[in-house]
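Asker: Structure supplied as query_29.cif; contents: mmCIF, N, CA and C atoms.
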```
data_coords
#
loop_
_atom_site.label_atom_id
_atom_site.label_comp_id
_atom_site.auth_asym_id
_atom_site.auth_seq_id
_atom_site.Cartn_x
_atom_site.Cartn_y
_atom_site.Cartn_z
N MET A 282 20.69 21.35 12.11
CA MET A 282 20.54 20.55 10.93
C MET A 282 21.72 20.82 10.00
N SER A 283 22.30 19.75 9.48
CA SER A 283 23.41 19.93 8.54
C SER A 283 22.86 19.92 7.12
N THR A 284 23.73 20.25 6.18
CA THR A 284 23.35 20.23 4.77
C THR A 284 24.28 19.29 4.03
N TYR A 285 23.87 18.90 2.85
CA TYR A 285 24.73 18.08 2.00
C TYR A 285 25.82 18.94 1.39
N SER A 286 26.89 18.27 1.00
CA SER A 286 27.90 18.97 0.20
C SER A 286 27.29 19.20 -1.19
N GLU A 287 27.90 20.09 -1.94
CA GLU A 287 27.41 20.35 -3.30
C GLU A 287 27.44 19.08 -4.14
N GLU A 288 28.48 18.27 -3.96
CA GLU A 288 28.61 17.02 -4.72
C GLU A 288 27.46 16.07 -4.39
N VAL A 289 27.15 15.93 -3.11
CA VAL A 289 26.05 15.05 -2.69
C VAL A 289 24.73 15.57 -3.24
N GLN A 290 24.51 16.87 -3.12
CA GLN A 290 23.26 17.44 -3.62
C GLN A 290 23.12 17.17 -5.12
N THR A 291 24.19 17.35 -5.88
CA THR A 291 24.15 17.12 -7.32
C THR A 291 23.84 15.66 -7.62
N LYS A 292 24.50 14.74 -6.95
CA LYS A 292 24.29 13.31 -7.21
C LYS A 292 22.87 12.88 -6.83
N LEU A 293 22.35 13.38 -5.72
CA LEU A 293 20.99 13.02 -5.32
C LEU A 293 19.96 13.61 -6.29
N ASN A 294 20.22 14.83 -6.75
CA ASN A 294 19.32 15.42 -7.74
C ASN A 294 19.37 14.66 -9.06
N ASN A 295 20.53 14.13 -9.42
CA ASN A 295 20.62 13.30 -10.63
C ASN A 295 19.77 12.04 -10.48
N ILE A 296 19.84 11.41 -9.32
CA ILE A 296 19.00 10.22 -9.09
C ILE A 296 17.53 10.62 -9.11
N LEU A 297 17.20 11.74 -8.49
CA LEU A 297 15.81 12.20 -8.47
C LEU A 297 15.31 12.45 -9.89
N GLU A 298 16.12 13.11 -10.70
CA GLU A 298 15.75 13.39 -12.09
C GLU A 298 15.51 12.09 -12.86
N LYS A 299 16.36 11.11 -12.65
CA LYS A 299 16.21 9.82 -13.34
C LYS A 299 15.01 9.05 -12.78
N THR A 300 14.67 9.30 -11.54
CA THR A 300 13.47 8.69 -10.96
C THR A 300 12.23 9.24 -11.64
N TYR A 301 12.20 10.56 -11.86
CA TYR A 301 11.09 11.17 -12.62
C TYR A 301 11.02 10.56 -14.02
N ASP A 302 12.19 10.44 -14.66
CA ASP A 302 12.24 9.87 -16.00
C ASP A 302 11.68 8.45 -16.01
N ALA A 303 12.10 7.65 -15.04
CA ALA A 303 11.63 6.26 -14.98
C ALA A 303 10.12 6.21 -14.76
N GLU A 304 9.61 7.06 -13.88
CA GLU A 304 8.16 7.08 -13.64
C GLU A 304 7.41 7.37 -14.93
N LYS A 305 7.85 8.39 -15.65
CA LYS A 305 7.20 8.76 -16.91
C LYS A 305 7.36 7.64 -17.94
N GLY A 306 8.52 7.03 -17.98
CA GLY A 306 8.77 5.94 -18.93
C GLY A 306 7.89 4.73 -18.65
N PHE A 307 7.74 4.39 -17.38
CA PHE A 307 6.88 3.25 -17.03
C PHE A 307 5.41 3.56 -17.34
N LYS A 308 4.99 4.80 -17.13
CA LYS A 308 3.62 5.17 -17.49
C LYS A 308 3.42 5.03 -18.99
N LYS A 309 4.38 5.50 -19.75
CA LYS A 309 4.31 5.41 -21.20
C LYS A 309 4.28 3.95 -21.64
N ALA A 310 5.12 3.12 -21.05
CA ALA A 310 5.16 1.71 -21.39
C ALA A 310 3.82 1.03 -21.06
N ALA A 311 3.21 1.40 -19.93
CA ALA A 311 1.92 0.82 -19.55
C ALA A 311 0.85 1.18 -20.59
N GLU A 312 0.94 2.38 -21.15
CA GLU A 312 -0.02 2.80 -22.19
C GLU A 312 0.11 1.95 -23.45
N HIS A 313 1.33 1.54 -23.78
CA HIS A 313 1.58 0.82 -25.03
C HIS A 313 1.52 -0.70 -24.89
N ALA A 314 1.70 -1.22 -23.69
CA ALA A 314 1.78 -2.67 -23.51
C ALA A 314 0.47 -3.34 -23.90
N LYS A 315 0.58 -4.48 -24.54
CA LYS A 315 -0.60 -5.27 -24.91
C LYS A 315 -0.93 -6.28 -23.82
N SER A 316 0.08 -6.86 -23.23
CA SER A 316 -0.09 -7.87 -22.18
C SER A 316 -0.64 -7.22 -20.91
N THR A 317 -1.69 -7.79 -20.36
CA THR A 317 -2.28 -7.29 -19.12
C THR A 317 -1.27 -7.36 -17.98
N ASP A 318 -0.54 -8.47 -17.92
CA ASP A 318 0.47 -8.62 -16.86
C ASP A 318 1.53 -7.53 -16.97
N LEU A 319 1.94 -7.24 -18.19
CA LEU A 319 2.97 -6.23 -18.40
C LEU A 319 2.43 -4.83 -18.08
N LYS A 320 1.19 -4.54 -18.49
CA LYS A 320 0.56 -3.25 -18.16
C LYS A 320 0.54 -3.06 -16.64
N THR A 321 0.11 -4.10 -15.93
CA THR A 321 0.04 -4.04 -14.47
C THR A 321 1.42 -3.81 -13.88
N PHE A 322 2.41 -4.53 -14.39
CA PHE A 322 3.78 -4.40 -13.89
C PHE A 322 4.29 -2.97 -14.11
N PHE A 323 4.10 -2.44 -15.33
CA PHE A 323 4.59 -1.10 -15.62
C PHE A 323 3.87 -0.04 -14.78
N LYS A 324 2.57 -0.20 -14.56
CA LYS A 324 1.83 0.74 -13.71
C LYS A 324 2.37 0.70 -12.28
N ARG A 325 2.63 -0.50 -11.79
CA ARG A 325 3.16 -0.64 -10.42
C ARG A 325 4.53 0.02 -10.31
N LYS A 326 5.36 -0.17 -11.36
CA LYS A 326 6.69 0.44 -11.33
C LYS A 326 6.60 1.96 -11.40
N ALA A 327 5.65 2.50 -12.17
CA ALA A 327 5.46 3.96 -12.23
C ALA A 327 5.07 4.49 -10.85
N ASP A 328 4.13 3.80 -10.19
CA ASP A 328 3.72 4.21 -8.84
C ASP A 328 4.88 4.14 -7.86
N GLU A 329 5.68 3.09 -7.99
CA GLU A 329 6.84 2.92 -7.12
C GLU A 329 7.82 4.08 -7.31
N ARG A 330 8.08 4.44 -8.57
CA ARG A 330 9.01 5.54 -8.82
C ARG A 330 8.45 6.87 -8.33
N TYR A 331 7.14 7.04 -8.39
CA TYR A 331 6.53 8.25 -7.83
C TYR A 331 6.85 8.31 -6.34
N THR A 332 6.69 7.21 -5.64
CA THR A 332 6.98 7.14 -4.21
C THR A 332 8.47 7.37 -3.95
N PHE A 333 9.32 6.74 -4.77
CA PHE A 333 10.76 6.95 -4.63
C PHE A 333 11.08 8.44 -4.74
N GLY A 334 10.51 9.10 -5.74
CA GLY A 334 10.77 10.52 -5.94
C GLY A 334 10.33 11.35 -4.76
N HIS A 335 9.14 11.07 -4.26
CA HIS A 335 8.62 11.80 -3.10
C HIS A 335 9.55 11.61 -1.89
N ASP A 336 9.97 10.37 -1.66
CA ASP A 336 10.86 10.08 -0.53
C ASP A 336 12.22 10.76 -0.70
N LEU A 337 12.74 10.76 -1.92
CA LEU A 337 14.02 11.44 -2.17
C LEU A 337 13.90 12.95 -1.96
N LYS A 338 12.80 13.54 -2.47
CA LYS A 338 12.59 14.98 -2.27
C LYS A 338 12.54 15.31 -0.78
N SER A 339 11.80 14.51 -0.02
CA SER A 339 11.69 14.74 1.42
C SER A 339 13.05 14.67 2.09
N GLU A 340 13.86 13.71 1.67
CA GLU A 340 15.20 13.54 2.26
C GLU A 340 16.09 14.73 1.90
N ILE A 341 16.03 15.18 0.66
CA ILE A 341 16.84 16.32 0.23
C ILE A 341 16.43 17.58 1.00
N VAL A 342 15.15 17.81 1.13
CA VAL A 342 14.64 18.99 1.86
C VAL A 342 15.03 18.90 3.34
N ARG A 343 15.00 17.70 3.86
CA ARG A 343 15.36 17.49 5.28
C ARG A 343 16.75 18.04 5.60
N TYR A 344 17.62 17.99 4.60
CA TYR A 344 18.98 18.49 4.79
C TYR A 344 19.16 19.89 4.21
N GLY A 345 18.04 20.60 4.06
CA GLY A 345 18.09 22.00 3.70
C GLY A 345 18.48 22.30 2.28
N GLN A 346 18.25 21.36 1.37
CA GLN A 346 18.68 21.55 -0.01
C GLN A 346 17.47 21.70 -0.94
N ASP A 347 17.74 22.20 -2.14
CA ASP A 347 16.72 22.29 -3.18
C ASP A 347 16.74 21.02 -4.00
N PHE A 348 15.61 20.73 -4.63
CA PHE A 348 15.55 19.54 -5.47
C PHE A 348 15.06 19.91 -6.87
N GLU A 349 15.40 19.05 -7.82
CA GLU A 349 14.98 19.23 -9.21
C GLU A 349 13.49 18.99 -9.31
N LYS A 350 12.84 19.67 -10.25
CA LYS A 350 11.39 19.59 -10.34
C LYS A 350 10.89 18.98 -11.64
N GLY A 351 11.65 18.17 -12.29
CA GLY A 351 11.17 17.58 -13.54
C GLY A 351 12.08 16.46 -13.98
N GLY A 352 11.91 16.03 -15.21
CA GLY A 352 12.76 15.00 -15.77
C GLY A 352 13.86 15.62 -16.61
N SER A 353 14.64 14.77 -17.21
CA SER A 353 15.75 15.26 -18.03
C SER A 353 15.41 15.20 -19.51
N ALA A 354 16.16 15.93 -20.29
CA ALA A 354 16.00 15.88 -21.74
C ALA A 354 16.32 14.48 -22.25
N THR A 355 17.31 13.83 -21.66
CA THR A 355 17.66 12.47 -22.04
C THR A 355 16.49 11.53 -21.79
N GLY A 356 15.82 11.70 -20.66
CA GLY A 356 14.67 10.87 -20.35
C GLY A 356 13.53 11.07 -21.34
N ALA A 357 13.31 12.31 -21.72
CA ALA A 357 12.27 12.61 -22.71
C ALA A 357 12.61 11.95 -24.04
N MET A 358 13.88 11.98 -24.43
CA MET A 358 14.30 11.33 -25.67
C MET A 358 14.11 9.82 -25.57
N HIS A 359 14.43 9.24 -24.42
CA HIS A 359 14.28 7.80 -24.22
C HIS A 359 12.80 7.40 -24.34
N ARG A 360 11.91 8.19 -23.74
CA ARG A 360 10.47 7.90 -23.85
C ARG A 360 10.02 8.00 -25.30
N GLY A 361 10.55 8.98 -26.01
CA GLY A 361 10.23 9.11 -27.42
C GLY A 361 10.70 7.88 -28.21
N TRP A 362 11.88 7.40 -27.86
CA TRP A 362 12.40 6.20 -28.49
C TRP A 362 11.50 5.00 -28.18
N MET A 363 11.02 4.90 -26.96
CA MET A 363 10.10 3.81 -26.60
C MET A 363 8.83 3.90 -27.44
N ASP A 364 8.34 5.12 -27.67
CA ASP A 364 7.15 5.31 -28.52
C ASP A 364 7.41 4.80 -29.93
N VAL A 365 8.57 5.16 -30.47
CA VAL A 365 8.92 4.73 -31.82
C VAL A 365 9.03 3.21 -31.88
N LYS A 366 9.71 2.61 -30.90
CA LYS A 366 9.85 1.16 -30.88
C LYS A 366 8.49 0.49 -30.76
N ALA A 367 7.61 1.04 -29.93
CA ALA A 367 6.28 0.46 -29.77
C ALA A 367 5.49 0.56 -31.07
N TRP A 368 5.65 1.66 -31.78
CA TRP A 368 4.90 1.89 -33.02
C TRP A 368 5.36 0.95 -34.14
N PHE A 369 6.68 0.77 -34.28
CA PHE A 369 7.20 0.02 -35.41
C PHE A 369 7.48 -1.45 -35.11
N SER A 370 7.54 -1.81 -33.87
CA SER A 370 7.92 -3.18 -33.53
C SER A 370 6.70 -4.08 -33.43
N ALA A 371 6.75 -5.19 -34.13
CA ALA A 371 5.66 -6.16 -34.04
C ALA A 371 5.70 -6.82 -32.67
N ASP A 372 6.84 -6.78 -32.05
CA ASP A 372 7.07 -7.43 -30.77
C ASP A 372 7.21 -6.36 -29.69
N ASN A 373 6.33 -5.35 -29.67
CA ASN A 373 6.58 -4.18 -28.84
C ASN A 373 6.62 -4.47 -27.35
N ASP A 374 5.83 -5.42 -26.84
CA ASP A 374 5.91 -5.74 -25.41
C ASP A 374 7.31 -6.20 -25.05
N GLU A 375 7.85 -7.06 -25.88
CA GLU A 375 9.20 -7.56 -25.61
C GLU A 375 10.23 -6.44 -25.69
N SER A 376 10.09 -5.56 -26.67
CA SER A 376 11.02 -4.44 -26.81
C SER A 376 10.96 -3.51 -25.60
N MET A 377 9.74 -3.21 -25.16
CA MET A 377 9.60 -2.32 -24.00
C MET A 377 10.16 -2.98 -22.74
N LEU A 378 9.96 -4.28 -22.63
CA LEU A 378 10.50 -4.99 -21.48
C LEU A 378 12.02 -4.96 -21.50
N GLU A 379 12.60 -5.13 -22.68
CA GLU A 379 14.06 -5.04 -22.80
C GLU A 379 14.56 -3.66 -22.39
N GLU A 380 13.84 -2.61 -22.82
CA GLU A 380 14.20 -1.25 -22.43
C GLU A 380 14.10 -1.07 -20.92
N ALA A 381 13.06 -1.65 -20.32
CA ALA A 381 12.89 -1.55 -18.87
C ALA A 381 14.05 -2.23 -18.14
N ILE A 382 14.46 -3.39 -18.63
CA ILE A 382 15.58 -4.10 -18.01
C ILE A 382 16.85 -3.26 -18.10
N THR A 383 17.10 -2.69 -19.27
CA THR A 383 18.28 -1.84 -19.45
C THR A 383 18.24 -0.65 -18.48
N GLY A 384 17.08 0.00 -18.38
CA GLY A 384 16.94 1.14 -17.49
C GLY A 384 17.11 0.79 -16.03
N GLU A 385 16.55 -0.36 -15.64
CA GLU A 385 16.64 -0.78 -14.24
C GLU A 385 18.08 -1.13 -13.87
N LYS A 386 18.78 -1.79 -14.77
CA LYS A 386 20.20 -2.10 -14.51
C LYS A 386 21.01 -0.82 -14.36
N ALA A 387 20.74 0.16 -15.21
CA ALA A 387 21.44 1.44 -15.13
C ALA A 387 21.12 2.15 -13.81
N ALA A 388 19.87 2.06 -13.37
CA ALA A 388 19.48 2.70 -12.10
C ALA A 388 20.24 2.07 -10.93
N VAL A 389 20.32 0.75 -10.91
CA VAL A 389 21.05 0.07 -9.84
C VAL A 389 22.50 0.52 -9.83
N GLU A 390 23.11 0.61 -11.00
CA GLU A 390 24.51 1.04 -11.08
C GLU A 390 24.68 2.48 -10.58
N GLU A 391 23.73 3.34 -10.89
CA GLU A 391 23.83 4.73 -10.42
C GLU A 391 23.70 4.79 -8.90
N TYR A 392 22.76 4.05 -8.35
CA TYR A 392 22.63 4.01 -6.89
C TYR A 392 23.92 3.51 -6.25
N LYS A 393 24.47 2.43 -6.78
CA LYS A 393 25.73 1.88 -6.24
C LYS A 393 26.83 2.93 -6.28
N ALA A 394 26.94 3.63 -7.40
CA ALA A 394 27.99 4.64 -7.55
C ALA A 394 27.85 5.73 -6.49
N VAL A 395 26.63 6.22 -6.30
CA VAL A 395 26.43 7.28 -5.31
C VAL A 395 26.74 6.76 -3.91
N LEU A 396 26.28 5.57 -3.62
CA LEU A 396 26.52 5.00 -2.29
C LEU A 396 28.01 4.77 -2.03
N ASN A 397 28.77 4.48 -3.08
CA ASN A 397 30.20 4.20 -2.93
C ASN A 397 31.09 5.43 -3.06
N GLU A 398 30.62 6.46 -3.77
CA GLU A 398 31.48 7.60 -4.09
C GLU A 398 31.43 8.74 -3.08
N VAL A 399 30.32 8.88 -2.38
CA VAL A 399 30.19 10.03 -1.48
C VAL A 399 29.78 9.58 -0.08
N THR A 400 30.12 10.41 0.88
CA THR A 400 29.72 10.15 2.26
C THR A 400 28.35 10.76 2.47
N LEU A 401 27.42 9.93 2.90
CA LEU A 401 26.03 10.34 3.08
C LEU A 401 25.61 10.19 4.53
N PRO A 402 24.64 10.98 4.97
CA PRO A 402 24.06 10.74 6.29
C PRO A 402 23.41 9.35 6.31
N THR A 403 23.31 8.78 7.48
CA THR A 403 22.76 7.43 7.63
C THR A 403 21.37 7.31 7.03
N THR A 404 20.52 8.31 7.25
CA THR A 404 19.15 8.23 6.74
C THR A 404 19.13 8.20 5.21
N THR A 405 20.02 8.94 4.59
CA THR A 405 20.09 8.98 3.13
C THR A 405 20.62 7.66 2.60
N THR A 406 21.66 7.13 3.25
CA THR A 406 22.21 5.83 2.85
C THR A 406 21.15 4.76 2.94
N THR A 407 20.39 4.76 4.02
CA THR A 407 19.33 3.76 4.21
C THR A 407 18.28 3.87 3.12
N LEU A 408 17.84 5.09 2.83
CA LEU A 408 16.82 5.30 1.80
C LEU A 408 17.31 4.82 0.44
N LEU A 409 18.51 5.24 0.05
CA LEU A 409 19.05 4.84 -1.25
C LEU A 409 19.25 3.34 -1.35
N THR A 410 19.71 2.72 -0.27
CA THR A 410 19.91 1.27 -0.26
C THR A 410 18.58 0.55 -0.41
N GLN A 411 17.55 1.00 0.29
CA GLN A 411 16.23 0.37 0.17
C GLN A 411 15.69 0.48 -1.25
N GLN A 412 15.82 1.66 -1.85
CA GLN A 412 15.33 1.85 -3.21
C GLN A 412 16.12 0.99 -4.20
N MET A 413 17.43 0.97 -4.06
CA MET A 413 18.27 0.16 -4.94
C MET A 413 17.92 -1.32 -4.82
N ASN A 414 17.72 -1.79 -3.59
CA ASN A 414 17.39 -3.20 -3.38
C ASN A 414 16.04 -3.55 -3.99
N LYS A 415 15.09 -2.64 -3.91
CA LYS A 415 13.77 -2.87 -4.51
C LYS A 415 13.90 -2.99 -6.03
N ILE A 416 14.67 -2.12 -6.63
CA ILE A 416 14.88 -2.18 -8.08
C ILE A 416 15.55 -3.50 -8.45
N SER A 417 16.57 -3.89 -7.69
CA SER A 417 17.29 -5.15 -7.95
C SER A 417 16.36 -6.35 -7.86
N THR A 418 15.54 -6.38 -6.83
CA THR A 418 14.59 -7.48 -6.64
C THR A 418 13.62 -7.54 -7.82
N ASP A 419 13.15 -6.38 -8.25
CA ASP A 419 12.20 -6.34 -9.35
C ASP A 419 12.83 -6.75 -10.68
N LEU A 420 14.13 -6.63 -10.82
CA LEU A 420 14.78 -7.11 -12.04
C LEU A 420 14.50 -8.60 -12.24
N ASN A 421 14.44 -9.36 -11.16
CA ASN A 421 14.11 -10.78 -11.27
C ASN A 421 12.67 -10.97 -11.76
N SER A 422 11.75 -10.11 -11.30
CA SER A 422 10.36 -10.18 -11.77
C SER A 422 10.29 -9.86 -13.25
N ILE A 423 11.06 -8.88 -13.67
CA ILE A 423 11.07 -8.50 -15.08
C ILE A 423 11.54 -9.68 -15.92
N LYS A 424 12.56 -10.37 -15.44
CA LYS A 424 13.09 -11.51 -16.20
C LYS A 424 12.05 -12.63 -16.28
N ARG A 425 11.25 -12.81 -15.22
CA ARG A 425 10.17 -13.80 -15.27
C ARG A 425 9.11 -13.39 -16.28
N LEU A 426 8.79 -12.10 -16.32
CA LEU A 426 7.82 -11.60 -17.32
C LEU A 426 8.34 -11.82 -18.73
N GLU A 427 9.64 -11.68 -18.90
CA GLU A 427 10.25 -11.86 -20.20
C GLU A 427 10.03 -13.29 -20.68
N ASP A 428 10.10 -14.25 -19.76
CA ASP A 428 9.89 -15.66 -20.11
C ASP A 428 8.45 -15.92 -20.56
N VAL A 429 7.50 -15.15 -20.02
CA VAL A 429 6.09 -15.33 -20.33
C VAL A 429 5.74 -14.76 -21.71
N LEU A 430 6.45 -13.71 -22.12
CA LEU A 430 6.13 -13.05 -23.40
C LEU A 430 6.51 -13.87 -24.59
#
```
Show the structure stored in the file as structure tokens.
Answerer:
Amino acid sequence: MSTYSEEVQTKLNNILEKTYDAEKGFKKAAEHAKSTDLKTFFKRKADERYTFGHDLKSEIVRYGQDFEKGGSATGAMHRGWMDVKAWFSADNDESMLEEAITGEKAAVEEYKAVLNEVTLPTTTTTLLTQQMNKISTDLNSIKRLEDVL
């Protein structure tokens, strides 16, 4: 069994950390959303990110590496900001949806960067590509939800 380079391990752990952050953020958004459709969407996205994290951890361990076990300070601050926006915004569903769109776009860019910047084993490339494509596809769903709000 081979191992990842230190650079690959760092980049995958960064994605994993942001996956934890996204899961927690989507859970928080589901708690605050007024729209039933939006609550359902955010809950589904939180569950999806939980699965993404589990799959990433399994892939990292498969190559004999350690993985991060929590979210980032930046993610905690972002969730706090979502709480503040939800509390003060009369249009909080729309604000949270805008935050979700921003976060999802950033996630896609991070996946692209990792896929383009480092050499990965085929299984890791496949996993990251599948996750990135799912996020990209869901961006279209988010935009449809935005039209409904």
Asker: Leaving out Tyr331 in chain A and any residue of its chain fewer than 4 positions from it, which residues lie within 8 Å of it when counting all atoms listed in the file, given as a VMD selection string?
Answerer: chain A and resid 300 to 301 303 to 305 325 to 327 335 to 337
Asker: Find the distance between atom C of Lys292 in chain A and CA of Thr404 in chain A and write it in Å to one decimal.
Answerer: 14.8 Å
Asker: How many Å lie between CA of Lys338 in chain A and CA of Ile382 in chain A, rounded to one decimal?
Answerer: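 Taking CA of Lys338 in chain A and CA of Ile382 in chain A, their separation equals 24.9 Å.
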Asker: Tell me, in Å to one decimal, how far CA of Gln346 in chain A is from CA of Gln290 in chain A.
Answerer: 7.1 Å
Asker: Report as a list in words all protein, DNA and RNA residues lying within 8 Å of range 416-426 of chain A, evaluated on only C-alpha atoms, omitting residues in the same chain fewer than 2 positions from it.
Answerer: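 Contacts, in chain order: Asp318, Leu319, Leu378, Ile382, Glu385, Lys386, Ala388, Val389, Gln412, Met413, Asn414, Asp428, Val429 and Leu430 of chain A.
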Asker: Since we have the selection now, will you write its residues out, keeping N, CA and C atoms, as an mmCIF file, in the coordinates of the input?
Answerer:
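Generated file (part_21.cif):
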```cif
data_model
loop_
_atom_site.group_PDB
_atom_site.id
_atom_site.type_symbol
_atom_site.label_atom_id
_atom_site.label_comp_id
_atom_site.auth_asym_id
_atom_site.auth_seq_id
_atom_site.Cartn_x
_atom_site.Cartn_y
_atom_site.Cartn_z
ATOM 1 N N ASP A 318 -0.540 -8.470 -17.920
ATOM 2 C CA ASP A 318 0.470 -8.620 -16.860
ATOM 3 C C ASP A 318 1.530 -7.530 -16.970
ATOM 4 N N LEU A 319 1.940 -7.240 -18.190
ATOM 5 C CA LEU A 319 2.970 -6.230 -18.400
ATOM 6 C C LEU A 319 2.430 -4.830 -18.080
ATOM 7 N N LEU A 378 9.960 -4.280 -22.630
ATOM 8 C CA LEU A 378 10.500 -4.990 -21.480
ATOM 9 C C LEU A 378 12.020 -4.960 -21.500
ATOM 10 N N ILE A 382 14.460 -3.390 -18.630
ATOM 11 C CA ILE A 382 15.580 -4.100 -18.010
ATOM 12 C C ILE A 382 16.850 -3.260 -18.100
ATOM 13 N N GLU A 385 16.550 -0.360 -15.640
ATOM 14 C CA GLU A 385 16.640 -0.780 -14.240
ATOM 15 C C GLU A 385 18.080 -1.130 -13.870
ATOM 16 N N LYS A 386 18.780 -1.790 -14.770
ATOM 17 C CA LYS A 386 20.200 -2.100 -14.510
ATOM 18 C C LYS A 386 21.010 -0.820 -14.360
ATOM 19 N N ALA A 388 19.870 2.060 -13.370
ATOM 20 C CA ALA A 388 19.480 2.700 -12.100
ATOM 21 C C ALA A 388 20.240 2.070 -10.930
ATOM 22 N N VAL A 389 20.320 0.750 -10.910
ATOM 23 C CA VAL A 389 21.050 0.070 -9.840
ATOM 24 C C VAL A 389 22.500 0.520 -9.830
ATOM 25 N N GLN A 412 15.820 1.660 -1.850
ATOM 26 C CA GLN A 412 15.330 1.850 -3.210
ATOM 27 C C GLN A 412 16.120 0.990 -4.200
ATOM 28 N N MET A 413 17.430 0.970 -4.060
ATOM 29 C CA MET A 413 18.270 0.160 -4.940
ATOM 30 C C MET A 413 17.920 -1.320 -4.820
ATOM 31 N N ASN A 414 17.720 -1.790 -3.590
ATOM 32 C CA ASN A 414 17.390 -3.200 -3.380
ATOM 33 C C ASN A 414 16.040 -3.550 -3.990
ATOM 34 N N ASP A 428 10.100 -14.250 -19.760
ATOM 35 C CA ASP A 428 9.890 -15.660 -20.110
ATOM 36 C C ASP A 428 8.450 -15.920 -20.560
ATOM 37 N N VAL A 429 7.500 -15.150 -20.020
ATOM 38 C CA VAL A 429 6.090 -15.330 -20.330
ATOM 39 C C VAL A 429 5.740 -14.760 -21.710
ATOM 40 N N LEU A 430 6.450 -13.710 -22.120
ATOM 41 C CA LEU A 430 6.130 -13.050 -23.400
ATOM 42 C C LEU A 430 6.510 -13.870 -24.590
#
```
Asker: From the set A:Glu379, A:Glu391, A:Glu298, A:Glu288, which residue has the shortest atom-to-atom contact distance to Glu427 in chain A, counting only N, CA and C atoms?
Answerer: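 Comparing A:Glu379, A:Glu391, A:Glu298, A:Glu288 against Glu427 in chain A, the winner is A:Glu379.
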Asker: Using all atoms listed in the file, which of A:Glu349, A:Glu390, A:Glu375, A:Glu340 sits nearest Thr405 in chain A?
Answerer: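 Of the candidates, the smallest distance to Thr405 in chain A is held by A:Glu340.
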Asker: Expand the PyMOL selection byres (((chain A and resi 312 and name CA) around 12) and name CA) into the explicit residue set it covers here, and present it as a ChimeraX atom specification.
Answerer: /A:305-311,313-317,319-324,327,360,363-364,367-368,373-374,377
Asker: Please produce a file of the residues just selected, as a short mmCIF file (atom, residue, chain, number, x, y, z; two decimals), in the coordinates of the input, where the atoms kept are N, CA and C atoms.
Answerer:
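As written to disk, out-v3.cif reads:
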```
data_model
loop_
_atom_site.label_atom_id
_atom_site.label_comp_id
_atom_site.auth_asym_id
_atom_site.auth_seq_id
_atom_site.Cartn_x
_atom_site.Cartn_y
_atom_site.Cartn_z
N LYS A 305 7.85 8.39 -15.65
CA LYS A 305 7.20 8.76 -16.91
C LYS A 305 7.36 7.64 -17.94
N GLY A 306 8.52 7.03 -17.98
CA GLY A 306 8.77 5.94 -18.93
C GLY A 306 7.89 4.73 -18.65
N PHE A 307 7.74 4.39 -17.38
CA PHE A 307 6.88 3.25 -17.03
C PHE A 307 5.41 3.56 -17.34
N LYS A 308 4.99 4.80 -17.13
CA LYS A 308 3.62 5.17 -17.49
C LYS A 308 3.42 5.03 -18.99
N LYS A 309 4.38 5.50 -19.75
CA LYS A 309 4.31 5.41 -21.20
C LYS A 309 4.28 3.95 -21.64
N ALA A 310 5.12 3.12 -21.05
CA ALA A 310 5.16 1.71 -21.39
C ALA A 310 3.82 1.03 -21.06
N ALA A 311 3.21 1.40 -19.93
CA ALA A 311 1.92 0.82 -19.55
C ALA A 311 0.85 1.18 -20.59
N HIS A 313 1.33 1.54 -23.78
CA HIS A 313 1.58 0.82 -25.03
C HIS A 313 1.52 -0.70 -24.89
N ALA A 314 1.70 -1.22 -23.69
CA ALA A 314 1.78 -2.67 -23.51
C ALA A 314 0.47 -3.34 -23.90
N LYS A 315 0.58 -4.48 -24.54
CA LYS A 315 -0.60 -5.27 -24.91
C LYS A 315 -0.93 -6.28 -23.82
N SER A 316 0.08 -6.86 -23.23
CA SER A 316 -0.09 -7.87 -22.18
C SER A 316 -0.64 -7.22 -20.91
N THR A 317 -1.69 -7.79 -20.36
CA THR A 317 -2.28 -7.29 -19.12
C THR A 317 -1.27 -7.36 -17.98
N LEU A 319 1.94 -7.24 -18.19
CA LEU A 319 2.97 -6.23 -18.40
C LEU A 319 2.43 -4.83 -18.08
N LYS A 320 1.19 -4.54 -18.49
CA LYS A 320 0.56 -3.25 -18.16
C LYS A 320 0.54 -3.06 -16.64
N THR A 321 0.11 -4.10 -15.93
CA THR A 321 0.04 -4.04 -14.47
C THR A 321 1.42 -3.81 -13.88
N PHE A 322 2.41 -4.53 -14.39
CA PHE A 322 3.78 -4.40 -13.89
C PHE A 322 4.29 -2.97 -14.11
N PHE A 323 4.10 -2.44 -15.33
CA PHE A 323 4.59 -1.10 -15.62
C PHE A 323 3.87 -0.04 -14.78
N LYS A 324 2.57 -0.20 -14.56
CA LYS A 324 1.83 0.74 -13.71
C LYS A 324 2.37 0.70 -12.28
N ALA A 327 5.65 2.50 -12.17
CA ALA A 327 5.46 3.96 -12.23
C ALA A 327 5.07 4.49 -10.85
N ARG A 360 11.91 8.19 -23.74
CA ARG A 360 10.47 7.90 -23.85
C ARG A 360 10.02 8.00 -25.30
N MET A 363 11.02 4.90 -26.96
CA MET A 363 10.10 3.81 -26.60
C MET A 363 8.83 3.90 -27.44
N ASP A 364 8.34 5.12 -27.67
CA ASP A 364 7.15 5.31 -28.52
C ASP A 364 7.41 4.80 -29.93
N ALA A 367 7.61 1.04 -29.93
CA ALA A 367 6.28 0.46 -29.77
C ALA A 367 5.49 0.56 -31.07
N TRP A 368 5.65 1.66 -31.78
CA TRP A 368 4.90 1.89 -33.02
C TRP A 368 5.36 0.95 -34.14
N ASN A 373 6.33 -5.35 -29.67
CA ASN A 373 6.58 -4.18 -28.84
C ASN A 373 6.62 -4.47 -27.35
N ASP A 374 5.83 -5.42 -26.84
CA ASP A 374 5.91 -5.74 -25.41
C ASP A 374 7.31 -6.20 -25.05
N MET A 377 9.74 -3.21 -25.16
CA MET A 377 9.60 -2.32 -24.00
C MET A 377 10.16 -2.98 -22.74
#
```
Asker: For Lys350 in chain A, which of A:Asn397, A:Gln411, A:Asn294, A:Ser286 is the closest residue, counting only C-alpha atoms?
Answerer: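 For Lys350 in chain A, the nearest of the candidates is A:Asn294.
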